[in-house]
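Peer 1: Just so it is clear, I am handing over structure-v4.cif, which has mmCIF, C-alpha atoms, pLDDT in the B column; chains and numbers go by the auth columns.
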```cif
data_coords
loop_
_atom_site.group_PDB
_atom_site.id
_atom_site.type_symbol
_atom_site.label_atom_id
_atom_site.label_comp_id
_atom_site.label_asym_id
_atom_site.label_seq_id
_atom_site.Cartn_x
_atom_site.Cartn_y
_atom_site.Cartn_z
_atom_site.B_iso_or_equiv
_atom_site.auth_seq_id
_atom_site.auth_asym_id
ATOM 1 C CA MET A 1 105.330 158.656 93.228 54.00 1317 A
ATOM 2 C CA SER A 2 107.191 161.904 92.798 43.00 1318 A
ATOM 3 C CA THR A 3 105.574 164.894 91.132 45.00 1319 A
ATOM 4 C CA SER A 4 106.897 167.600 88.835 44.00 1320 A
ATOM 5 C CA THR A 5 108.014 171.029 89.942 50.00 1321 A
ATOM 6 C CA SER A 6 105.348 173.721 89.798 60.00 1322 A
ATOM 7 C CA ALA A 7 104.790 175.395 86.442 69.00 1323 A
ATOM 8 C CA ALA A 8 103.429 178.817 85.560 74.00 1324 A
ATOM 9 C CA PRO A 9 99.617 178.866 85.617 83.00 1325 A
ATOM 10 C CA ILE A 10 98.031 178.200 82.239 89.00 1326 A
ATOM 11 C CA PRO A 11 96.021 181.225 81.051 89.00 1327 A
ATOM 12 C CA THR A 12 92.256 180.851 80.933 91.00 1328 A
ATOM 13 C CA LEU A 13 90.859 179.690 77.615 96.00 1329 A
ATOM 14 C CA PRO A 14 89.654 182.422 75.238 95.00 1330 A
ATOM 15 C CA THR A 15 85.937 183.148 75.136 96.00 1331 A
ATOM 16 C CA LEU A 16 83.763 180.606 73.357 96.00 1332 A
ATOM 17 C CA THR A 17 83.135 183.153 70.616 96.00 1333 A
ATOM 18 C CA ALA A 18 86.888 183.509 70.098 97.00 1334 A
ATOM 19 C CA GLN A 19 87.296 179.724 70.100 97.00 1335 A
ATOM 20 C CA ALA A 20 84.593 179.368 67.446 98.00 1336 A
ATOM 21 C CA GLU A 21 86.312 181.947 65.266 98.00 1337 A
ATOM 22 C CA ASN A 22 89.658 180.205 65.743 98.00 1338 A
ATOM 23 C CA LEU A 23 88.209 176.860 64.625 98.00 1339 A
ATOM 24 C CA ILE A 24 86.639 178.540 61.611 98.00 1340 A
ATOM 25 C CA ALA A 25 89.902 180.303 60.689 98.00 1341 A
ATOM 26 C CA LEU A 26 91.700 176.942 60.875 98.00 1342 A
ATOM 27 C CA GLY A 27 89.075 175.290 58.671 98.00 1343 A
ATOM 28 C CA VAL A 28 87.942 172.844 61.340 98.00 1344 A
ATOM 29 C CA HIS A 29 84.290 173.546 60.540 98.00 1345 A
ATOM 30 C CA ASP A 30 84.894 172.380 56.966 98.00 1346 A
ATOM 31 C CA LEU A 31 86.659 169.236 58.178 97.00 1347 A
ATOM 32 C CA ALA A 32 83.691 168.592 60.474 98.00 1348 A
ATOM 33 C CA ARG A 33 81.182 169.300 57.688 97.00 1349 A
ATOM 34 C CA LEU A 34 79.555 172.028 59.757 98.00 1350 A
ATOM 35 C CA PRO A 35 78.552 175.504 58.556 98.00 1351 A
ATOM 36 C CA ALA A 36 80.487 178.307 60.202 98.00 1352 A
ATOM 37 C CA HIS A 37 77.249 179.798 61.517 98.00 1353 A
ATOM 38 C CA THR A 38 76.596 176.582 63.484 98.00 1354 A
ATOM 39 C CA LEU A 39 79.803 177.069 65.491 98.00 1355 A
ATOM 40 C CA ARG A 40 79.049 180.763 65.994 97.00 1356 A
ATOM 41 C CA ALA A 41 75.504 180.051 67.151 97.00 1357 A
ATOM 42 C CA PHE A 42 76.648 177.341 69.573 97.00 1358 A
ATOM 43 C CA ALA A 43 79.257 179.685 71.045 97.00 1359 A
ATOM 44 C CA ALA A 44 76.702 182.467 71.435 95.00 1360 A
ATOM 45 C CA GLU A 45 74.186 180.177 73.140 94.00 1361 A
ATOM 46 C CA SER A 46 76.876 178.962 75.559 92.00 1362 A
ATOM 47 C CA ALA A 47 78.462 182.353 76.191 82.00 1363 A
ATOM 48 C CA THR A 48 77.996 182.155 79.963 83.00 1364 A
ATOM 49 C CA ASP A 49 80.232 179.053 80.184 85.00 1365 A
ATOM 50 C CA GLU A 50 83.460 181.021 80.434 83.00 1366 A
ATOM 51 C CA GLY A 51 86.616 178.947 80.735 92.00 1367 A
ATOM 52 C CA ALA A 52 85.130 175.916 78.971 97.00 1368 A
ATOM 53 C CA LEU A 53 86.547 174.298 75.837 97.00 1369 A
ATOM 54 C CA LEU A 54 84.418 174.347 72.698 97.00 1370 A
ATOM 55 C CA ALA A 55 85.070 170.862 71.358 98.00 1371 A
ATOM 56 C CA VAL A 56 84.172 169.224 68.063 98.00 1372 A
ATOM 57 C CA HIS A 57 83.070 165.596 68.446 98.00 1373 A
ATOM 58 C CA PRO A 58 85.844 163.132 67.469 97.00 1374 A
ATOM 59 C CA ASP A 59 83.463 161.417 65.056 96.00 1375 A
ATOM 60 C CA ARG A 60 83.441 164.676 63.097 97.00 1376 A
ATOM 61 C CA VAL A 61 87.162 165.455 63.036 98.00 1377 A
ATOM 62 C CA PRO A 62 89.793 162.793 63.860 97.00 1378 A
ATOM 63 C CA ALA A 63 93.102 163.428 65.581 98.00 1379 A
ATOM 64 C CA SER A 64 95.052 162.889 62.348 98.00 1380 A
ATOM 65 C CA ALA A 65 93.301 165.904 60.801 98.00 1381 A
ATOM 66 C CA LEU A 66 93.662 168.121 63.871 98.00 1382 A
ATOM 67 C CA ALA A 67 97.332 167.481 64.695 98.00 1383 A
ATOM 68 C CA PRO A 68 98.798 169.303 61.640 98.00 1384 A
ATOM 69 C CA LEU A 69 96.848 172.426 62.649 98.00 1385 A
ATOM 70 C CA LEU A 70 98.938 172.789 65.807 98.00 1386 A
ATOM 71 C CA ARG A 71 101.645 175.440 65.511 96.00 1387 A
ATOM 72 C CA ARG A 72 104.732 176.186 67.537 95.00 1388 A
ATOM 73 C CA GLY A 73 106.533 178.988 65.785 91.00 1389 A
ATOM 74 C CA ASP A 74 106.378 178.129 62.104 92.00 1390 A
ATOM 75 C CA LYS A 75 106.278 174.375 62.668 97.00 1391 A
ATOM 76 C CA PRO A 76 103.089 172.347 62.255 97.00 1392 A
ATOM 77 C CA GLY A 77 102.155 169.585 64.636 98.00 1393 A
ATOM 78 C CA PHE A 78 102.428 165.949 63.641 98.00 1394 A
ATOM 79 C CA VAL A 79 101.598 162.387 64.634 98.00 1395 A
ATOM 80 C CA VAL A 80 104.551 160.071 65.269 97.00 1396 A
ATOM 81 C CA SER A 81 105.330 157.749 62.375 95.00 1397 A
ATOM 82 C CA ASP A 82 104.638 154.578 64.358 94.00 1398 A
ATOM 83 C CA MET A 83 101.090 155.654 65.226 97.00 1399 A
ATOM 84 C CA THR A 84 99.398 155.239 61.854 96.00 1400 A
ATOM 85 C CA ASP A 85 96.361 153.911 63.718 97.00 1401 A
ATOM 86 C CA VAL A 86 95.912 157.124 65.729 98.00 1402 A
ATOM 87 C CA ASP A 87 92.281 157.548 64.659 98.00 1403 A
ATOM 88 C CA ARG A 88 91.401 154.177 66.117 97.00 1404 A
ATOM 89 C CA PHE A 89 92.032 155.598 69.590 98.00 1405 A
ATOM 90 C CA THR A 90 88.445 156.386 70.488 96.00 1406 A
ATOM 91 C CA PRO A 91 86.563 157.353 73.684 97.00 1407 A
ATOM 92 C CA CYS A 92 86.820 154.631 76.305 96.00 1408 A
ATOM 93 C CA GLY A 93 84.584 154.748 79.374 93.00 1409 A
ATOM 94 C CA ILE A 94 83.620 158.328 78.515 95.00 1410 A
ATOM 95 C CA ASP A 95 80.052 159.649 78.538 90.00 1411 A
ATOM 96 C CA LEU A 96 80.376 161.801 75.435 95.00 1412 A
ATOM 97 C CA PRO A 97 77.499 164.107 74.375 96.00 1413 A
ATOM 98 C CA ASP A 98 75.660 162.930 71.277 95.00 1414 A
ATOM 99 C CA ALA A 99 76.177 166.185 69.415 97.00 1415 A
ATOM 100 C CA PRO A 100 78.681 167.572 66.897 98.00 1416 A
ATOM 101 C CA LEU A 101 79.687 170.345 69.310 98.00 1417 A
ATOM 102 C CA TYR A 102 79.936 170.273 73.083 97.00 1418 A
ATOM 103 C CA LEU A 103 81.700 171.898 76.021 97.00 1419 A
ATOM 104 C CA ALA A 104 84.404 170.423 78.249 97.00 1420 A
ATOM 105 C CA ALA A 105 84.541 172.359 81.510 96.00 1421 A
ATOM 106 C CA GLY A 106 87.241 172.784 84.128 96.00 1422 A
ATOM 107 C CA ILE A 107 90.181 171.475 82.113 97.00 1423 A
ATOM 108 C CA ASP A 108 93.400 170.811 84.003 97.00 1424 A
ATOM 109 C CA ARG A 109 96.763 169.584 82.671 97.00 1425 A
ATOM 110 C CA GLY A 110 97.306 167.295 85.631 97.00 1426 A
ATOM 111 C CA ASP A 111 100.838 168.424 86.436 97.00 1427 A
ATOM 112 C CA HIS A 112 100.464 167.038 89.952 96.00 1428 A
ATOM 113 C CA MET A 113 100.290 163.556 88.404 97.00 1429 A
ATOM 114 C CA ALA A 114 103.570 163.816 86.528 96.00 1430 A
ATOM 115 C CA ASN A 115 105.560 160.600 86.991 96.00 1431 A
ATOM 116 C CA TRP A 116 102.381 158.567 87.468 98.00 1432 A
ATOM 117 C CA SER A 117 101.507 155.804 85.038 98.00 1433 A
ATOM 118 C CA PRO A 118 98.179 155.858 83.158 98.00 1434 A
ATOM 119 C CA GLU A 119 97.226 152.765 85.133 98.00 1435 A
ATOM 120 C CA GLU A 120 97.694 154.734 88.356 98.00 1436 A
ATOM 121 C CA ALA A 121 96.184 158.005 87.138 98.00 1437 A
ATOM 122 C CA LEU A 122 92.876 156.759 85.744 98.00 1438 A
ATOM 123 C CA PRO A 123 91.350 155.532 89.042 97.00 1439 A
ATOM 124 C CA ALA A 124 92.706 158.595 90.854 98.00 1440 A
ATOM 125 C CA LEU A 125 90.919 160.904 88.404 98.00 1441 A
ATOM 126 C CA ALA A 126 87.718 158.931 88.897 97.00 1442 A
ATOM 127 C CA GLU A 127 88.012 159.307 92.665 97.00 1443 A
ATOM 128 C CA GLN A 128 88.335 163.075 92.162 96.00 1444 A
ATOM 129 C CA GLY A 129 85.162 163.102 90.059 96.00 1445 A
ATOM 130 C CA ARG A 130 87.100 164.085 86.965 98.00 1446 A
ATOM 131 C CA THR A 131 87.122 162.643 83.459 98.00 1447 A
ATOM 132 C CA PRO A 132 90.300 162.192 81.363 98.00 1448 A
ATOM 133 C CA LEU A 133 90.546 164.195 78.167 98.00 1449 A
ATOM 134 C CA LEU A 134 90.220 162.590 74.772 98.00 1450 A
ATOM 135 C CA LEU A 135 93.100 162.994 72.335 98.00 1451 A
ATOM 136 C CA THR A 136 90.984 165.228 70.079 98.00 1452 A
ATOM 137 C CA GLU A 137 90.035 167.396 73.066 98.00 1453 A
ATOM 138 C CA GLY A 138 93.672 167.741 74.076 98.00 1454 A
ATOM 139 C CA ILE A 139 94.648 168.856 70.583 98.00 1455 A
ATOM 140 C CA GLN A 140 91.794 171.356 70.431 98.00 1456 A
ATOM 141 C CA TRP A 141 92.766 172.711 73.856 98.00 1457 A
ATOM 142 C CA VAL A 142 96.264 173.465 72.562 98.00 1458 A
ATOM 143 C CA LEU A 143 94.833 174.959 69.371 98.00 1459 A
ATOM 144 C CA HIS A 144 92.993 177.501 71.521 97.00 1460 A
ATOM 145 C CA GLN A 145 95.581 177.822 74.275 96.00 1461 A
ATOM 146 C CA PRO A 146 99.136 177.070 73.030 95.00 1462 A
ATOM 147 C CA ALA A 147 100.526 177.725 76.517 95.00 1463 A
ATOM 148 C CA ALA A 148 98.908 174.455 77.634 96.00 1464 A
ATOM 149 C CA LEU A 149 101.839 172.656 75.996 96.00 1465 A
ATOM 150 C CA GLU A 150 105.242 173.604 77.374 95.00 1466 A
ATOM 151 C CA ARG A 151 108.552 171.808 77.258 93.00 1467 A
ATOM 152 C CA ASN A 152 108.737 169.456 80.250 93.00 1468 A
ATOM 153 C CA GLN A 153 105.109 170.296 81.069 95.00 1469 A
ATOM 154 C CA CYS A 154 103.081 168.202 78.633 97.00 1470 A
ATOM 155 C CA PHE A 155 100.199 165.783 79.071 98.00 1471 A
ATOM 156 C CA MET A 156 98.543 162.473 78.306 98.00 1472 A
ATOM 157 C CA THR A 157 94.974 162.035 77.055 98.00 1473 A
ATOM 158 C CA ILE A 158 93.974 158.649 78.399 98.00 1474 A
ATOM 159 C CA GLY A 159 90.274 159.072 77.674 98.00 1475 A
ATOM 160 C CA SER A 160 91.136 157.734 74.208 98.00 1476 A
ATOM 161 C CA ARG A 161 92.117 154.072 73.923 98.00 1477 A
ATOM 162 C CA LEU A 162 92.426 151.532 71.122 98.00 1478 A
ATOM 163 C CA ARG A 163 90.453 148.332 71.517 95.00 1479 A
ATOM 164 C CA LYS A 164 91.874 145.258 69.775 93.00 1480 A
ATOM 165 C CA PRO A 165 89.726 142.847 67.714 93.00 1481 A
ATOM 166 C CA ASN A 166 89.713 140.432 70.675 94.00 1482 A
ATOM 167 C CA GLY A 167 88.227 143.135 72.915 92.00 1483 A
ATOM 168 C CA ALA A 168 91.395 143.823 74.930 95.00 1484 A
ATOM 169 C CA LEU A 169 92.728 147.351 75.207 97.00 1485 A
ATOM 170 C CA ASP A 170 95.982 148.219 73.447 97.00 1486 A
ATOM 171 C CA ALA A 171 98.773 148.984 75.946 97.00 1487 A
ATOM 172 C CA ARG A 172 99.525 152.303 74.250 97.00 1488 A
ATOM 173 C CA THR A 173 98.008 155.551 75.534 98.00 1489 A
ATOM 174 C CA PRO A 174 98.085 158.815 73.542 98.00 1490 A
ATOM 175 C CA ALA A 175 99.848 161.987 74.643 98.00 1491 A
ATOM 176 C CA LEU A 176 100.897 165.419 73.423 98.00 1492 A
ATOM 177 C CA TRP A 177 104.403 166.742 73.913 97.00 1493 A
ATOM 178 C CA ILE A 178 107.134 168.703 72.148 97.00 1494 A
ATOM 179 C CA SER A 179 109.521 166.999 69.772 97.00 1495 A
ATOM 180 C CA ASN A 180 113.269 167.100 70.394 94.00 1496 A
ATOM 181 C CA GLY A 181 113.854 166.491 66.690 94.00 1497 A
ATOM 182 C CA THR A 182 115.533 163.158 67.291 93.00 1498 A
ATOM 183 C CA GLY A 183 115.074 159.756 65.685 92.00 1499 A
ATOM 184 C CA ARG A 184 112.282 159.371 63.183 93.00 1500 A
ATOM 185 C CA ASP A 185 110.853 162.800 64.052 94.00 1501 A
ATOM 186 C CA GLY A 186 113.651 164.478 62.074 94.00 1502 A
ATOM 187 C CA ARG A 187 115.684 167.531 63.048 95.00 1503 A
ATOM 188 C CA GLU A 188 113.345 169.797 61.090 95.00 1504 A
ATOM 189 C CA ARG A 189 110.596 168.983 63.599 96.00 1505 A
ATOM 190 C CA ARG A 190 112.511 170.016 66.701 96.00 1506 A
ATOM 191 C CA GLY A 191 110.199 172.158 68.821 96.00 1507 A
ATOM 192 C CA ALA A 192 107.024 171.066 67.029 97.00 1508 A
ATOM 193 C CA ALA A 193 103.944 169.829 68.855 98.00 1509 A
ATOM 194 C CA LYS A 194 103.787 166.058 68.666 98.00 1510 A
ATOM 195 C CA VAL A 195 101.078 163.435 69.099 98.00 1511 A
ATOM 196 C CA GLY A 196 102.629 160.237 70.358 98.00 1512 A
ATOM 197 C CA TRP A 197 102.019 157.411 72.760 97.00 1513 A
ATOM 198 C CA CYS A 198 103.274 155.890 76.006 97.00 1514 A
ATOM 199 C CA TRP A 199 102.803 152.515 77.658 97.00 1515 A
ATOM 200 C CA TRP A 200 99.895 151.983 80.055 97.00 1516 A
ATOM 201 C CA ARG A 201 102.175 151.097 82.973 97.00 1517 A
ATOM 202 C CA ASN A 202 105.087 153.482 82.307 97.00 1518 A
ATOM 203 C CA ARG A 203 105.796 156.735 84.124 96.00 1519 A
ATOM 204 C CA HIS A 204 107.193 159.968 82.674 96.00 1520 A
ATOM 205 C CA THR A 205 108.310 162.926 84.760 96.00 1521 A
ATOM 206 C CA TRP A 206 107.269 165.432 82.092 95.00 1522 A
ATOM 207 C CA LEU A 207 103.749 164.141 81.358 97.00 1523 A
ATOM 208 C CA GLY A 208 100.697 165.015 83.415 97.00 1524 A
ATOM 209 C CA PHE A 209 97.186 163.695 82.828 98.00 1525 A
ATOM 210 C CA ALA A 210 94.784 166.185 81.296 98.00 1526 A
ATOM 211 C CA SER A 211 91.222 165.982 82.560 98.00 1527 A
ATOM 212 C CA ALA A 212 87.956 167.890 82.784 98.00 1528 A
ATOM 213 C CA GLU A 213 85.195 168.333 85.337 97.00 1529 A
ATOM 214 C CA GLY A 214 82.685 167.151 82.769 96.00 1530 A
ATOM 215 C CA ARG A 215 81.134 167.582 79.321 97.00 1531 A
ATOM 216 C CA ARG A 216 77.823 169.042 78.240 95.00 1532 A
ATOM 217 C CA THR A 217 76.055 170.532 75.244 92.00 1533 A
#
```
Could you express the structure from this file as structure tokens?
Peer 2:
Amino acid sequence: MSTSTSAAPIPTLPTLTAQAENLIALGVHDLARLPAHTLRAFAAESATDEGALLAVHPDRVPASALAPLLRRGDKPGFVVSDMTDVDRFTPCGIDLPDAPLYLAAGIDRGDHMANWSPEEALPALAEQGRTPLLLTEGIQWVLHQPAALERNQCFMTIGSRLRKPNGALDARTPALWISNGTGRDGRERRGAAKVGWCWWRNRHTWLGFASAEGRRT
């Protein structure tokens, strides 16, 4: 499997206090039905965890509500039109904290796994002791650190999967990338952040696999 060319390092995430204020400014606390002071208090209590992502539990705010908050220039983010079931992509094999707010530490975009398939990447991440990001975590990461999403340096979030009524997993896996404004996206969305999907066994040279060292409250 070939890998992508090296990209510029992604800047460290803002402080947890700054992340809390960003979520509040975007109205995420209202979407999550949480008082603003709850986010501020959680950030203050976790202030020593520099570099971690302050994440809102996906049960509180679904991907469909978070995606439009993404901004590249003056363009809002969006979910592709053939992914109306985006919020049914839920944590799969993930030990998620039972709390409305938690931290995801040591996030990496997984550029070294570009041109791997999700089927290949998942066991490799497990061997490294890492856990794949959820779709909601990936969106929140970009909300706090827009530089995490660059053209030709985007990522999949295979911690979120859709389970069919028969118990089998859907072959689609969610990802975040930048729209080219073609097809059903529409020219007006060129350059916008996009939530889409890829097949479980397909490879893409411009998609890494975002992961974290772990999650904690």
Peer 1: Skipping near chain neighbours, those fewer than 4 positions away, what residues fall within 9 Å of stretch 1345-1351 of chain A using all atoms listed in the file, listed as a PyMOL selection string?
Peer 2: chain A and resi 1339-1341+1355+1372-1373+1375-1377+1381+1416
Peer 1: Provide the atom CA of A:Leu1441 to atom CA of A:Phe1471 distance in Å, to one decimal place.
Peer 2: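 The value is 14.0 Å.
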Peer 1: With the PyMOL selection byres ((chain A and resi 1386) around 9) as the selection, what would be picked from this file? Answer as a list in words, please.
Peer 2: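 Output of the PyMOL selection byres ((chain A and resi 1386) around 9): Leu1382, Ala1383, Pro1384, Leu1385, Arg1387, Arg1388, Lys1391, Pro1392, Gly1393, Phe1394, Ile1455, Gln1456, Val1458, Leu1459, Pro1462, Ala1508, Ala1509 and Lys1510 of chain A.
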Peer 1: I would like the residues chosen by the PyMOL selection byres ((chain A and resi 1513-1524) around 10) on the shown file; could you give them as an MDAnalysis selection string?
Peer 2: chainID A and resid 1317:1321 1395:1396 1398:1399 1402 1424:1437 1466:1474 1485:1493 1510:1512 1525:1527
Peer 1: Please expand the PyMOL selection byres ((chain A and resi 1369) around 12) into the concrete residues it hits in this file, giving the result as a PDB file with C-alpha atoms, in the coordinates of the input.
Peer 2:
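Okay, selection-v6.pdb is ready:
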```pdb
ATOM      1  CA  THR A1328      92.256 180.851  80.933  1.00 91.00           C
ATOM      2  CA  LEU A1329      90.859 179.690  77.615  1.00 96.00           C
ATOM      3  CA  PRO A1330      89.654 182.422  75.238  1.00 95.00           C
ATOM      4  CA  THR A1331      85.937 183.148  75.136  1.00 96.00           C
ATOM      5  CA  LEU A1332      83.763 180.606  73.357  1.00 96.00           C
ATOM      6  CA  THR A1333      83.135 183.153  70.616  1.00 96.00           C
ATOM      7  CA  ALA A1334      86.888 183.509  70.098  1.00 97.00           C
ATOM      8  CA  GLN A1335      87.296 179.724  70.100  1.00 97.00           C
ATOM      9  CA  ALA A1336      84.593 179.368  67.446  1.00 98.00           C
ATOM     10  CA  LEU A1339      88.209 176.860  64.625  1.00 98.00           C
ATOM     11  CA  ALA A1359      79.257 179.685  71.045  1.00 97.00           C
ATOM     12  CA  SER A1362      76.876 178.962  75.559  1.00 92.00           C
ATOM     13  CA  ALA A1363      78.462 182.353  76.191  1.00 82.00           C
ATOM     14  CA  ASP A1365      80.232 179.053  80.184  1.00 85.00           C
ATOM     15  CA  GLU A1366      83.460 181.021  80.434  1.00 83.00           C
ATOM     16  CA  GLY A1367      86.616 178.947  80.735  1.00 92.00           C
ATOM     17  CA  ALA A1368      85.130 175.916  78.971  1.00 97.00           C
ATOM     18  CA  LEU A1370      84.418 174.347  72.698  1.00 97.00           C
ATOM     19  CA  ALA A1371      85.070 170.862  71.358  1.00 98.00           C
ATOM     20  CA  VAL A1372      84.172 169.224  68.063  1.00 98.00           C
ATOM     21  CA  HIS A1373      83.070 165.596  68.446  1.00 98.00           C
ATOM     22  CA  LEU A1417      79.687 170.345  69.310  1.00 98.00           C
ATOM     23  CA  TYR A1418      79.936 170.273  73.083  1.00 97.00           C
ATOM     24  CA  LEU A1419      81.700 171.898  76.021  1.00 97.00           C
ATOM     25  CA  ALA A1420      84.404 170.423  78.249  1.00 97.00           C
ATOM     26  CA  ALA A1421      84.541 172.359  81.510  1.00 96.00           C
ATOM     27  CA  GLY A1422      87.241 172.784  84.128  1.00 96.00           C
ATOM     28  CA  ILE A1423      90.181 171.475  82.113  1.00 97.00           C
ATOM     29  CA  ASP A1424      93.400 170.811  84.003  1.00 97.00           C
ATOM     30  CA  LEU A1449      90.546 164.195  78.167  1.00 98.00           C
ATOM     31  CA  THR A1452      90.984 165.228  70.079  1.00 98.00           C
ATOM     32  CA  GLU A1453      90.035 167.396  73.066  1.00 98.00           C
ATOM     33  CA  GLY A1454      93.672 167.741  74.076  1.00 98.00           C
ATOM     34  CA  ILE A1455      94.648 168.856  70.583  1.00 98.00           C
ATOM     35  CA  GLN A1456      91.794 171.356  70.431  1.00 98.00           C
ATOM     36  CA  TRP A1457      92.766 172.711  73.856  1.00 98.00           C
ATOM     37  CA  VAL A1458      96.264 173.465  72.562  1.00 98.00           C
ATOM     38  CA  LEU A1459      94.833 174.959  69.371  1.00 98.00           C
ATOM     39  CA  HIS A1460      92.993 177.501  71.521  1.00 97.00           C
ATOM     40  CA  GLN A1461      95.581 177.822  74.275  1.00 96.00           C
ATOM     41  CA  SER A1527      91.222 165.982  82.560  1.00 98.00           C
ATOM     42  CA  ALA A1528      87.956 167.890  82.784  1.00 98.00           C
ATOM     43  CA  GLU A1529      85.195 168.333  85.337  1.00 97.00           C
ATOM     44  CA  GLY A1530      82.685 167.151  82.769  1.00 96.00           C
ATOM     45  CA  ARG A1531      81.134 167.582  79.321  1.00 97.00           C
ATOM     46  CA  ARG A1532      77.823 169.042  78.240  1.00 95.00           C
ATOM     47  CA  THR A1533      76.055 170.532  75.244  1.00 92.00           C
TER      48      THR A1533
END
```
